[in-house]
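Peer 1: entry_17.cif is the file, holding mmCIF, C-alpha atoms and all ligand atoms:
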data_coords
#
loop_
_atom_site.label_atom_id
_atom_site.label_comp_id
_atom_site.auth_asym_id
_atom_site.auth_seq_id
_atom_site.Cartn_x
_atom_site.Cartn_y
_atom_site.Cartn_z
CA MET A 1 133.41 154.64 78.53
CA ARG A 2 131.27 157.78 78.40
CA ILE A 3 127.58 157.27 77.76
CA PRO A 4 125.67 160.14 76.16
CA MET A 5 121.89 160.72 76.29
CA VAL A 6 121.67 160.19 72.53
CA ASP A 7 124.25 159.31 69.89
CA LEU A 8 123.23 160.80 66.58
CA HIS A 9 126.64 160.06 65.09
CA ALA A 10 126.23 156.32 65.70
CA GLN A 11 122.86 156.49 63.94
CA TYR A 12 124.37 158.42 61.02
CA LEU A 13 127.10 155.81 60.56
CA GLU A 14 124.48 153.08 60.32
CA ILE A 15 122.71 154.78 57.39
CA LYS A 16 125.52 156.97 56.08
CA GLU A 17 125.43 155.92 52.46
CA GLU A 18 121.69 156.38 52.10
CA ILE A 19 121.77 159.75 53.87
CA ASP A 20 124.71 161.06 51.86
CA ASN A 21 123.05 159.99 48.61
CA ALA A 22 119.71 161.50 49.59
CA ILE A 23 121.25 164.85 50.52
CA GLY A 24 123.38 164.78 47.35
CA GLU A 25 120.29 164.24 45.22
CA VAL A 26 118.52 167.28 46.70
CA ILE A 27 121.57 169.39 45.95
CA GLN A 28 121.86 167.99 42.43
CA LYS A 29 118.24 168.90 41.76
CA SER A 30 118.38 172.23 43.66
CA ALA A 31 115.10 171.23 45.32
CA PHE A 32 115.86 173.17 48.48
CA VAL A 33 112.49 174.48 49.65
CA GLN A 34 109.35 172.38 49.20
CA GLY A 35 109.41 170.41 45.91
CA PRO A 36 109.46 166.66 45.18
CA PHE A 37 111.44 165.53 48.24
CA VAL A 38 109.04 167.33 50.56
CA GLU A 39 106.01 165.95 48.70
CA LYS A 40 107.39 162.42 48.94
CA PHE A 41 108.00 162.67 52.66
CA GLU A 42 104.61 164.27 53.32
CA ALA A 43 102.84 161.43 51.49
CA SER A 44 104.78 158.69 53.27
CA PHE A 45 104.44 160.22 56.74
CA ALA A 46 100.67 160.73 56.32
CA ASP A 47 100.48 157.11 55.22
CA PHE A 48 102.60 155.93 58.16
CA VAL A 49 100.38 157.69 60.71
CA GLY A 50 97.12 157.08 58.88
CA THR A 51 95.89 160.61 58.13
CA LYS A 52 94.81 162.10 54.84
CA HIS A 53 97.18 165.07 54.87
CA CYS A 54 100.66 165.96 56.05
CA ILE A 55 101.91 169.53 55.79
CA GLY A 56 105.63 169.91 56.33
CA VAL A 57 106.58 173.06 58.25
CA GLY A 58 109.68 174.63 59.76
CA ASN A 59 109.52 173.06 63.25
CA GLY A 60 107.20 171.53 65.82
CA THR A 61 106.39 174.82 67.53
CA ASP A 62 105.16 176.36 64.27
CA ALA A 63 103.24 173.16 63.56
CA LEU A 64 101.27 173.54 66.79
CA PHE A 65 100.73 177.27 66.36
CA ILE A 66 99.51 176.85 62.77
CA ALA A 67 97.30 173.85 63.58
CA LEU A 68 95.58 175.75 66.40
CA LYS A 69 94.97 178.75 64.16
CA ALA A 70 93.73 176.52 61.36
CA LEU A 71 91.15 175.10 63.78
CA GLY A 72 89.95 178.59 64.66
CA VAL A 73 91.68 179.05 68.02
CA GLY A 74 92.42 182.72 68.69
CA PRO A 75 92.25 185.63 71.12
CA GLY A 76 89.79 185.16 73.99
CA ASP A 77 90.02 181.36 73.80
CA GLU A 78 91.45 179.00 76.38
CA VAL A 79 93.31 175.82 75.51
CA ILE A 80 93.80 173.05 78.07
CA THR A 81 97.14 171.28 78.06
CA ALA A 82 99.44 169.30 80.36
CA VAL A 83 101.48 171.26 82.89
CA ASN A 84 104.54 169.04 82.32
CA THR A 85 105.70 169.58 78.79
CA PHE A 86 108.31 171.44 76.81
CA VAL A 87 107.63 175.17 76.75
CA ALA A 88 106.82 175.04 73.02
CA THR A 89 103.35 173.65 73.83
CA PRO A 90 102.02 176.64 75.81
CA GLU A 91 104.14 178.99 73.70
CA ALA A 92 102.29 177.96 70.54
CA ILE A 93 98.94 178.40 72.32
CA SER A 94 99.97 181.91 73.39
CA LEU A 95 101.25 182.69 69.89
CA ALA A 96 97.82 181.80 68.52
CA GLY A 97 96.44 184.49 70.87
CA ALA A 98 94.81 182.04 73.31
CA ARG A 99 95.49 181.37 76.98
CA PRO A 100 97.11 178.09 77.99
CA VAL A 101 95.21 176.48 80.87
CA PHE A 102 97.31 173.84 82.55
CA CYS A 103 96.13 170.52 83.87
CA ASP A 104 97.88 168.12 86.25
CA VAL A 105 98.99 164.69 85.10
CA ASP A 106 98.55 161.05 85.97
CA PRO A 107 101.44 159.92 88.21
CA GLU A 108 101.92 156.63 86.33
CA THR A 109 101.65 157.70 82.70
CA MET A 110 102.90 161.26 83.32
CA THR A 111 100.44 162.42 80.63
CA ILE A 112 97.43 164.70 81.17
CA ASP A 113 95.00 163.25 83.75
CA PRO A 114 91.66 162.92 81.95
CA ASP A 115 89.80 163.02 85.30
CA LEU A 116 90.98 166.58 85.84
CA ILE A 117 90.20 168.06 82.44
CA GLU A 118 86.57 168.89 83.13
CA GLU A 119 87.34 171.09 86.12
CA ARG A 120 89.63 173.20 83.91
CA MET A 121 86.86 173.95 81.42
CA THR A 122 85.15 177.33 81.18
CA GLU A 123 82.88 178.84 78.56
CA ARG A 124 86.05 180.09 76.84
CA THR A 125 87.62 176.65 76.41
CA ARG A 126 88.12 175.97 72.74
CA ALA A 127 90.57 173.11 72.49
CA ILE A 128 92.58 170.46 74.31
CA VAL A 129 96.23 169.76 73.48
CA PRO A 130 97.28 166.41 74.97
CA VAL A 131 101.03 165.84 74.88
CA HIS A 132 102.26 162.30 74.23
CA LEU A 133 105.11 162.94 76.63
CA PHE A 134 108.27 160.81 76.53
CA GLY A 135 106.73 158.74 73.71
CA ARG A 136 103.63 157.53 75.52
CA VAL A 137 100.22 158.16 73.98
CA ALA A 138 97.96 160.14 76.30
CA ALA A 139 94.57 158.67 77.33
CA MET A 140 93.05 159.59 73.97
CA ASP A 141 89.73 157.75 74.31
CA ARG A 142 88.85 159.68 77.46
CA ILE A 143 90.21 162.96 76.10
CA LEU A 144 88.26 162.66 72.86
CA ALA A 145 85.09 161.86 74.82
CA GLU A 146 85.56 164.98 77.00
CA ALA A 147 86.16 167.07 73.89
CA ARG A 148 83.17 165.68 72.02
CA ASN A 149 80.86 166.40 74.98
CA ARG A 150 81.82 170.07 74.85
CA GLY A 151 82.41 170.52 71.12
CA LEU A 152 86.12 171.18 71.63
CA LYS A 153 88.92 170.69 69.14
CA VAL A 154 91.78 168.31 69.92
CA VAL A 155 95.32 168.83 68.68
CA GLU A 156 97.79 166.12 69.69
CA ASP A 157 101.28 167.34 70.44
CA ALA A 158 103.01 164.23 69.10
CA ALA A 159 106.51 165.76 69.00
CA GLN A 160 107.92 162.96 71.17
CA ALA A 161 105.84 160.02 69.98
CA HIS A 162 106.68 159.08 66.41
CA GLY A 163 105.81 155.45 65.94
CA ALA A 164 103.70 155.11 69.11
CA ARG A 165 100.31 153.43 68.93
CA LEU A 166 97.18 152.97 70.99
CA GLY A 167 95.19 149.99 69.81
CA ASP A 168 95.24 150.06 66.04
CA ARG A 169 95.85 153.79 65.71
CA ALA A 170 99.11 155.70 65.59
CA ALA A 171 99.93 158.71 67.72
CA GLY A 172 98.87 161.63 65.61
CA ALA A 173 95.78 160.01 64.10
CA PHE A 174 93.33 160.71 66.96
CA GLY A 175 92.76 164.45 67.05
CA ASP A 176 91.37 167.03 64.64
CA ALA A 177 95.05 167.58 63.92
CA SER A 178 98.37 166.48 65.32
CA THR A 179 101.71 168.20 65.33
CA HIS A 180 105.18 166.74 65.02
CA SER A 181 108.69 167.94 65.65
CA PHE A 182 111.60 166.43 63.77
CA TYR A 183 114.23 168.14 65.90
CA PRO A 184 117.39 166.01 65.46
CA GLY A 185 117.13 164.17 68.80
CA LYS A 186 113.52 163.12 68.30
CA ASN A 187 112.63 159.49 67.50
CA LEU A 188 112.31 160.61 63.89
CA GLY A 189 114.82 163.42 63.66
CA ALA A 190 115.95 165.62 60.77
CA TYR A 191 119.40 167.20 60.36
CA GLY A 192 118.14 170.59 61.46
CA ASP A 193 114.77 172.02 62.48
CA ALA A 194 111.68 170.53 60.86
CA GLY A 195 108.07 169.78 61.74
CA ALA A 196 104.70 168.71 60.35
CA ILE A 197 100.95 169.04 60.82
CA LEU A 198 98.81 165.97 60.22
CA THR A 199 95.07 166.05 59.71
CA SER A 200 92.33 164.33 57.80
CA ASP A 201 90.29 167.53 57.57
CA ASP A 202 90.57 169.00 54.05
CA ASP A 203 89.78 172.57 55.13
CA VAL A 204 92.33 172.53 57.94
CA ALA A 205 94.96 171.12 55.57
CA VAL A 206 94.32 173.69 52.84
CA TRP A 207 94.36 176.63 55.27
CA ALA A 208 97.46 175.42 57.11
CA ARG A 209 99.40 174.88 53.90
CA LYS A 210 98.58 178.36 52.67
CA PHE A 211 99.26 180.03 56.02
CA ALA A 212 102.69 178.38 56.30
CA ASN A 213 103.58 179.67 52.84
CA HIS A 214 102.84 183.40 53.07
CA GLY A 215 99.09 182.88 52.87
CA ARG A 216 99.24 181.89 49.24
CA SER A 217 98.12 179.12 46.94
CA THR A 218 99.88 180.41 43.82
CA LYS A 219 103.21 182.22 43.46
CA PHE A 220 101.83 185.73 43.92
CA GLY A 221 98.31 184.86 44.99
CA HIS A 222 98.53 185.90 48.66
CA GLU A 223 95.02 185.48 50.05
CA PHE A 224 95.76 186.47 53.65
CA SER A 225 98.79 187.21 55.73
CA GLY A 226 100.58 184.09 56.81
CA LEU A 227 104.19 183.35 57.51
CA ASN A 228 107.16 181.47 56.14
CA SER A 229 107.38 178.06 57.78
CA ARG A 230 108.19 175.44 55.18
CA LEU A 231 109.91 172.09 55.24
CA ASP A 232 113.10 172.12 53.20
CA GLY A 233 114.20 169.49 50.71
CA ILE A 234 117.28 168.31 52.57
CA GLN A 235 115.35 167.72 55.80
CA ALA A 236 112.58 165.93 53.89
CA ALA A 237 115.08 163.68 52.11
CA VAL A 238 116.76 162.79 55.43
CA LEU A 239 113.37 162.11 57.02
CA SER A 240 112.31 159.85 54.12
CA VAL A 241 115.43 157.73 54.62
CA LYS A 242 114.91 157.53 58.37
CA LEU A 243 111.16 156.82 58.25
CA VAL A 244 111.92 153.37 56.83
CA TYR A 245 113.90 152.58 60.01
CA LEU A 246 111.50 154.13 62.50
CA GLU A 247 109.60 150.95 63.47
CA ARG A 248 112.84 149.07 64.04
CA TRP A 249 114.30 151.90 66.07
CA CYS A 250 111.12 152.04 68.19
CA ASP A 251 111.38 148.28 68.80
CA LEU A 252 114.98 148.73 69.95
CA ARG A 253 113.98 151.58 72.25
CA ARG A 254 111.31 149.35 73.81
CA GLU A 255 113.77 146.50 74.15
CA HIS A 256 116.26 148.79 75.94
CA ALA A 257 113.48 150.10 78.18
CA ARG A 258 112.59 146.51 79.14
CA SER A 259 116.25 145.79 79.89
CA TYR A 260 116.52 148.85 82.11
CA SER A 261 113.35 147.94 84.01
CA ARG A 262 114.48 144.34 84.49
CA LEU A 263 117.96 145.31 85.69
CA LEU A 264 116.74 148.12 87.94
CA GLN A 265 114.34 145.81 89.75
CA GLY A 266 114.94 145.61 93.45
CA ILE A 267 116.82 148.90 93.75
CA GLU A 268 114.98 150.67 96.52
CA GLY A 269 114.78 154.33 95.71
CA VAL A 270 114.07 153.87 92.00
CA VAL A 271 110.64 153.63 90.39
CA CYS A 272 110.69 152.54 86.75
CA PRO A 273 108.21 153.77 84.13
CA GLU A 274 105.30 151.50 83.20
CA LEU A 275 105.92 149.24 80.23
CA PRO A 276 102.60 149.16 78.40
CA GLU A 277 102.14 146.03 76.30
CA ASP A 278 100.56 147.25 73.12
CA GLY A 279 103.20 149.52 71.63
CA GLU A 280 101.69 152.62 73.12
CA HIS A 281 105.09 153.79 74.36
CA VAL A 282 108.10 154.40 72.13
CA PHE A 283 110.43 155.61 74.89
CA HIS A 284 111.64 158.83 73.37
CA LEU A 285 112.82 159.13 76.95
CA TYR A 286 113.20 156.49 79.66
CA VAL A 287 112.28 158.40 82.80
CA ILE A 288 112.72 156.92 86.26
CA ARG A 289 111.64 158.43 89.57
CA ALA A 290 114.57 158.51 91.94
CA GLN A 291 115.08 159.28 95.60
CA ARG A 292 117.94 161.77 96.11
CA ARG A 293 117.67 162.45 92.39
CA ASP A 294 120.19 165.29 92.19
CA ALA A 295 122.87 163.36 94.10
CA LEU A 296 122.28 160.34 91.85
CA ARG A 297 122.61 162.57 88.80
CA ASP A 298 125.93 163.95 90.08
CA HIS A 299 127.17 160.41 90.78
CA LEU A 300 126.32 159.32 87.22
CA ALA A 301 127.90 162.44 85.74
CA SER A 302 131.12 161.77 87.62
CA SER A 303 131.14 158.28 86.06
CA GLY A 304 130.73 159.72 82.56
CA ILE A 305 127.02 158.95 82.24
CA ALA A 306 124.83 161.74 80.90
CA THR A 307 121.27 162.13 82.19
CA GLY A 308 118.51 164.70 81.72
CA ILE A 309 115.57 166.20 83.59
CA HIS A 310 112.49 166.56 81.46
CA TYR A 311 111.53 168.97 82.77
CA PRO A 312 113.09 170.67 85.78
CA LYS A 313 110.11 173.04 86.07
CA THR A 314 106.45 172.64 85.32
CA MET A 315 104.97 175.24 83.00
CA ALA A 316 103.35 176.81 86.05
CA ASP A 317 106.81 177.41 87.58
CA LEU A 318 108.10 179.34 84.57
CA THR A 319 108.38 183.10 84.77
CA ALA A 320 106.27 183.28 81.62
CA TYR A 321 103.23 181.69 83.32
CA ARG A 322 103.71 181.51 87.06
CA ASP A 323 101.71 184.63 87.94
CA GLN A 324 98.56 182.73 86.98
CA TRP A 325 99.15 179.62 89.07
CA ASP A 326 100.38 178.23 92.34
CA ALA A 327 102.24 175.13 91.17
CA ASP A 328 102.30 173.34 94.56
CA ARG A 329 98.59 173.83 95.08
CA ASP A 330 97.30 173.49 91.52
CA PHE A 331 99.58 170.74 90.23
CA PRO A 332 100.65 168.52 93.13
CA VAL A 333 101.45 165.48 90.98
CA ALA A 334 103.59 167.26 88.38
CA THR A 335 105.30 169.24 91.15
CA ARG A 336 106.27 166.04 92.95
CA LEU A 337 107.37 164.39 89.73
CA ARG A 338 109.59 167.25 88.62
CA ARG A 339 111.67 166.79 91.77
CA GLU A 340 112.05 163.01 91.28
CA ILE A 341 112.31 162.41 87.53
CA LEU A 342 115.53 161.48 85.81
CA SER A 343 115.92 160.60 82.14
CA LEU A 344 118.50 157.87 81.54
CA PRO A 345 120.44 157.49 78.28
CA LEU A 346 118.32 155.68 75.72
CA TYR A 347 118.74 155.47 71.97
CA PRO A 348 118.36 152.60 69.51
CA GLU A 349 122.10 152.10 68.99
CA MET A 350 122.79 151.58 72.70
CA THR A 351 124.47 148.31 73.60
CA ALA A 352 123.54 145.86 76.35
CA GLU A 353 126.88 146.65 78.03
CA GLN A 354 126.09 150.35 78.13
CA ILE A 355 122.72 149.71 79.77
CA GLU A 356 124.33 147.33 82.27
CA ARG A 357 126.95 149.95 83.09
CA VAL A 358 124.32 152.66 83.74
CA VAL A 359 122.41 150.30 86.04
CA ALA A 360 125.60 149.19 87.82
CA GLU A 361 126.39 152.81 88.65
CA ILE A 362 122.84 153.40 89.92
CA ARG A 363 123.09 150.26 92.04
CA GLU A 364 126.41 151.41 93.45
CA PHE A 365 124.87 154.76 94.41
CA TYR A 366 122.02 153.21 96.40
CA PHE A 367 123.86 150.33 98.05
C1 LIG A 401 106.41 168.11 73.54
C2 LIG A 401 107.02 169.03 72.54
N1 LIG A 401 106.24 169.92 71.89
C3 LIG A 401 106.73 170.74 70.97
C4 LIG A 401 108.07 170.75 70.64
C5 LIG A 401 108.58 171.77 69.69
O1 LIG A 401 109.23 171.28 68.59
P1 LIG A 401 110.38 172.12 67.87
O2 LIG A 401 111.59 172.12 68.75
O3 LIG A 401 110.59 171.37 66.58
O4 LIG A 401 109.86 173.49 67.63
C6 LIG A 401 108.92 169.81 71.25
C7 LIG A 401 110.34 169.65 70.88
O5 LIG A 401 111.25 170.28 71.17
C8 LIG A 401 108.39 168.96 72.24
O6 LIG A 401 109.17 168.07 72.88
#
The structure in this file should be written as structure tokens.
Ligand SMILES: Cc1ncc(COP(=O)(O)O)c(C=O)c1O

Peer 2:
Amino acid sequence: MRIPMVDLHAQYLEIKEEIDNAIGEVIQKSAFVQGPFVEKFEASFADFVGTKHCIGVGNGTDALFIALKALGVGPGDEVITAVNTFVATPEAISLAGARPVFCDVDPETMTIDPDLIEERMTERTRAIVPVHLFGRVAAMDRILAEARNRGLKVVEDAAQAHGARLGDRAAGAFGDASTHSFYPGKNLGAYGDAGAILTSDDDVAVWARKFANHGRSTKFGHEFSGLNSRLDGIQAAVLSVKLVYLERWCDLRREHARSYSRLLQGIEGVVCPELPEDGEHVFHLYVIRAQRRDALRDHLASSGIATGIHYPKTMADLTAYRDQWDADRDFPVATRLRREILSLPLYPEMTAEQIERVVAEIREFYF
């Protein structure tokens, strides 16, 4: 029995009829780019997260780039973000013309350490981009307080946290804007690239929508130069079907995470992720810290169990950014974590037997 990291085919089979009908309808109506299916999804996703506006765009990287620009971030500005993220986060900051300034993370939550944000601030700091990494909401109360003190904008990178909550608010409803990726493997995934910007600020929403559509508000009324980054009808229709299941899928992810943590108890050499009580984690990834991580990974691979490392390098280790930082010195926590972390298979359709099998193999490796 091989166990993959995610099984999108199993998910498709569960909702096949609805998906096939939804895609068929878009084709019947030739509503390929923007149009009623996009409008419907935008309205329901804004409602789900609790913001006034949702602007569907081509992918999560564009979403972040456009949101930053819409909030006035540009050349000469600095934007503080977590050093352990997918490269798209600093890439979008650079694309907007600003400089990404990395910050180390909390060892437990693995999200940006709010105690360290202030020392990264300069007179050029314009915004903070917390990343809700692995599906866990960053320490938003503290981050918003830091931002308010300095008049900074906050854009949540919520690419990995669809459905997560902190108190009574959803991931994506805290900042001046939030950005979402619907890459197929995400908790809410399309059948291709797709993304969205959420905001309750009318001006940000209007500007972002125009910018993502060639800077226009009418067919040939191009007010400024923008780009082409629009959500397409087929992706929107798929997302509308899946949004109805998102809460249930998040519950299953949490249930599987609890099973892993219970079964892994007592294995010396493995540290499990925290299991926050209040729904603040939706386990896009279940990430353990493991002694002899690479050997464990090889052992699991030889037993047919896929694993991942998210991410093998911090942003400060990448060729694109490393000349500005010394990762060991500047980011000791993220540097330690990147050598220990291992993402285990986790997706809603996983069975109890599959989880037991993964844990049995881990146990065998350490005993
Ligand atoms: C944290 C984070 N930010 C941004 C992105 C970029 O999203 P996309 O791949 O849709 O451009 C991703 C997803 O890949 C991500 O995981």

Peer 1: Given a cut-off of 7 Å, what residues near ligand LIG 401 (chain A) show up using only C-alpha atoms and all ligand atoms, put as an mmCIF file with C-alpha atoms, in the coordinates of the input?

Peer 2:
data_model
loop_
_atom_site.group_PDB
_atom_site.id
_atom_site.type_symbol
_atom_site.label_atom_id
_atom_site.label_comp_id
_atom_site.auth_asym_id
_atom_site.auth_seq_id
_atom_site.Cartn_x
_atom_site.Cartn_y
_atom_site.Cartn_z
ATOM 1 C CA ASN A 59 109.520 173.060 63.250
ATOM 2 C CA GLY A 60 107.200 171.530 65.820
ATOM 3 C CA THR A 61 106.390 174.820 67.530
ATOM 4 C CA ASP A 62 105.160 176.360 64.270
ATOM 5 C CA THR A 85 105.700 169.580 78.790
ATOM 6 C CA PHE A 86 108.310 171.440 76.810
ATOM 7 C CA ALA A 88 106.820 175.040 73.020
ATOM 8 C CA THR A 89 103.350 173.650 73.830
ATOM 9 C CA VAL A 131 101.030 165.840 74.880
ATOM 10 C CA LEU A 133 105.110 162.940 76.630
ATOM 11 C CA ASP A 157 101.280 167.340 70.440
ATOM 12 C CA ALA A 158 103.010 164.230 69.100
ATOM 13 C CA ALA A 159 106.510 165.760 69.000
ATOM 14 C CA GLN A 160 107.920 162.960 71.170
ATOM 15 C CA SER A 181 108.690 167.940 65.650
ATOM 16 C CA PHE A 182 111.600 166.430 63.770
ATOM 17 C CA TYR A 183 114.230 168.140 65.900
ATOM 18 C CA ASP A 193 114.770 172.020 62.480
ATOM 19 C CA ALA A 194 111.680 170.530 60.860
ATOM 20 C CA GLY A 195 108.070 169.780 61.740
#

Peer 1: Which residue is closest to Ala70 (chain A)? Choose from A:Glu356, A:Glu277, A:Asp323, A:Asp202 and count all atoms listed in the file.

Peer 2: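 Ranking A:Glu356, A:Glu277, A:Asp323, A:Asp202 by distance to Ala70 (chain A), first place goes to A:Asp202.
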
Peer 1: Check the smallest atom-to-atom distance from each of A:Val244, A:Gly135, A:Ile15, A:Thr125 to Gly151 (chain A) using all atoms listed in the file, then report the winner.

Peer 2: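 Smallest separation from Gly151 (chain A) among the options: A:Thr125.
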
Peer 1: One decimal, in Å: what's the spacing between CA of Lys242 (chain A) and CA of Asp7 (chain A)?

Peer 2: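 The value is 14.9 Å.
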
Peer 1: Find the residues near Arg248 (chain A): any atom within 10 Å, counting all atoms listed in the file, skip ones fewer than 5 places away on the same chain, and give them as a VMD selection string.

Peer 2: chain A and resid 163 243 253 to 254 348

Peer 1: To one decimal in Å, tell me the separation between CA of Phe45 (chain A) and CA of Thr179 (chain A).

Peer 2: 12.0 Å

Peer 1: Ranking A:Ala212, A:Val26, A:Met1, A:Ala98 by minimum distance to Asn228 (chain A) and counting only C-alpha atoms, which one comes first?

Peer 2: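 Among the listed residues, A:Ala212 lies closest to Asn228 (chain A).
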
Peer 1: One number please: CA of Ser303 (chain A) to CA of Gly185 (chain A), in Å, one decimal.

Peer 2: 23.0 Å

Peer 1: Any idea what's packed within 9 Å of Ala177 (chain A), counting all atoms listed in the file, ignoring anything in its chain fewer than 4 positions away? Could you give it as a ChimeraX atom specification?

Peer 2: /A:67-68,71,153-156,172-173,197-201,204

Peer 1: Which one is closest to Pro75 (chain A): A:Asp203, A:Ala43, A:Cys54, A:Ala96? Count all atoms listed in the file.

Peer 2: A:Ala96

Peer 1: Of the residues A:Tyr311, A:Phe211, A:Tyr260, A:Phe220, which is the one nearest to Ile66 (chain A), using all atoms listed in the file?

Peer 2: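 For Ile66 (chain A), the nearest of the given residues is A:Phe211.
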
Peer 1: With the input short on atoms, add N, CA and C atoms back to region 5-23 of chain A and write it as an mmCIF file, keeping the file's coordinate frame.

Peer 2:
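Everything below was put into rebuild35.cif:
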data_model
loop_
_atom_site.group_PDB
_atom_site.id
_atom_site.type_symbol
_atom_site.label_atom_id
_atom_site.label_comp_id
_atom_site.auth_asym_id
_atom_site.auth_seq_id
_atom_site.Cartn_x
_atom_site.Cartn_y
_atom_site.Cartn_z
ATOM 1 N N MET A 5 123.356 160.891 76.283
ATOM 2 C CA MET A 5 121.890 160.720 76.290
ATOM 3 C C MET A 5 121.399 160.167 74.945
ATOM 4 N N VAL A 6 121.976 160.697 73.877
ATOM 5 C CA VAL A 6 121.670 160.190 72.530
ATOM 6 C C VAL A 6 122.966 160.187 71.743
ATOM 7 N N ASP A 7 123.029 159.361 70.699
ATOM 8 C CA ASP A 7 124.250 159.310 69.890
ATOM 9 C C ASP A 7 123.844 159.388 68.419
ATOM 10 N N LEU A 8 123.688 160.612 67.965
ATOM 11 C CA LEU A 8 123.230 160.800 66.580
ATOM 12 C C LEU A 8 124.314 160.394 65.580
ATOM 13 N N HIS A 9 125.558 160.453 66.013
ATOM 14 C CA HIS A 9 126.640 160.060 65.090
ATOM 15 C C HIS A 9 126.581 158.550 64.826
ATOM 16 N N ALA A 10 126.327 157.777 65.879
ATOM 17 C CA ALA A 10 126.230 156.320 65.700
ATOM 18 C C ALA A 10 125.089 156.000 64.717
ATOM 19 N N GLN A 11 123.992 156.732 64.848
ATOM 20 C CA GLN A 11 122.860 156.490 63.940
ATOM 21 C C GLN A 11 123.244 156.860 62.501
ATOM 22 N N TYR A 12 123.938 157.987 62.362
ATOM 23 C CA TYR A 12 124.370 158.420 61.020
ATOM 24 C C TYR A 12 125.251 157.348 60.375
ATOM 25 N N LEU A 13 126.185 156.800 61.137
ATOM 26 C CA LEU A 13 127.100 155.810 60.560
ATOM 27 C C LEU A 13 126.341 154.589 60.035
ATOM 28 N N GLU A 14 125.263 154.252 60.722
ATOM 29 C CA GLU A 14 124.480 153.080 60.320
ATOM 30 C C GLU A 14 123.816 153.278 58.948
ATOM 31 N N ILE A 15 123.470 154.520 58.627
ATOM 32 C CA ILE A 15 122.710 154.780 57.390
ATOM 33 C C ILE A 15 123.427 155.799 56.496
ATOM 34 N N LYS A 16 124.728 155.894 56.706
ATOM 35 C CA LYS A 16 125.520 156.970 56.080
ATOM 36 C C LYS A 16 125.347 157.044 54.569
ATOM 37 N N GLU A 17 125.457 155.883 53.923
ATOM 38 C CA GLU A 17 125.430 155.920 52.460
ATOM 39 C C GLU A 17 124.090 156.449 51.952
ATOM 40 N N GLU A 18 123.020 155.933 52.544
ATOM 41 C CA GLU A 18 121.690 156.380 52.100
ATOM 42 C C GLU A 18 121.487 157.880 52.355
ATOM 43 N N ILE A 19 121.945 158.329 53.525
ATOM 44 C CA ILE A 19 121.770 159.750 53.870
ATOM 45 C C ILE A 19 122.588 160.622 52.923
ATOM 46 N N ASP A 20 123.848 160.244 52.725
ATOM 47 C CA ASP A 20 124.710 161.060 51.860
ATOM 48 C C ASP A 20 124.132 161.130 50.443
ATOM 49 N N ASN A 21 123.647 159.988 49.957
ATOM 50 C CA ASN A 21 123.050 159.990 48.610
ATOM 51 C C ASN A 21 121.807 160.855 48.548
ATOM 52 N N ALA A 22 120.972 160.744 49.588
ATOM 53 C CA ALA A 22 119.710 161.500 49.590
ATOM 54 C C ALA A 22 119.991 163.004 49.609
ATOM 55 N N ILE A 23 120.930 163.422 50.445
ATOM 56 C CA ILE A 23 121.250 164.850 50.520
ATOM 57 C C ILE A 23 121.869 165.311 49.181
#
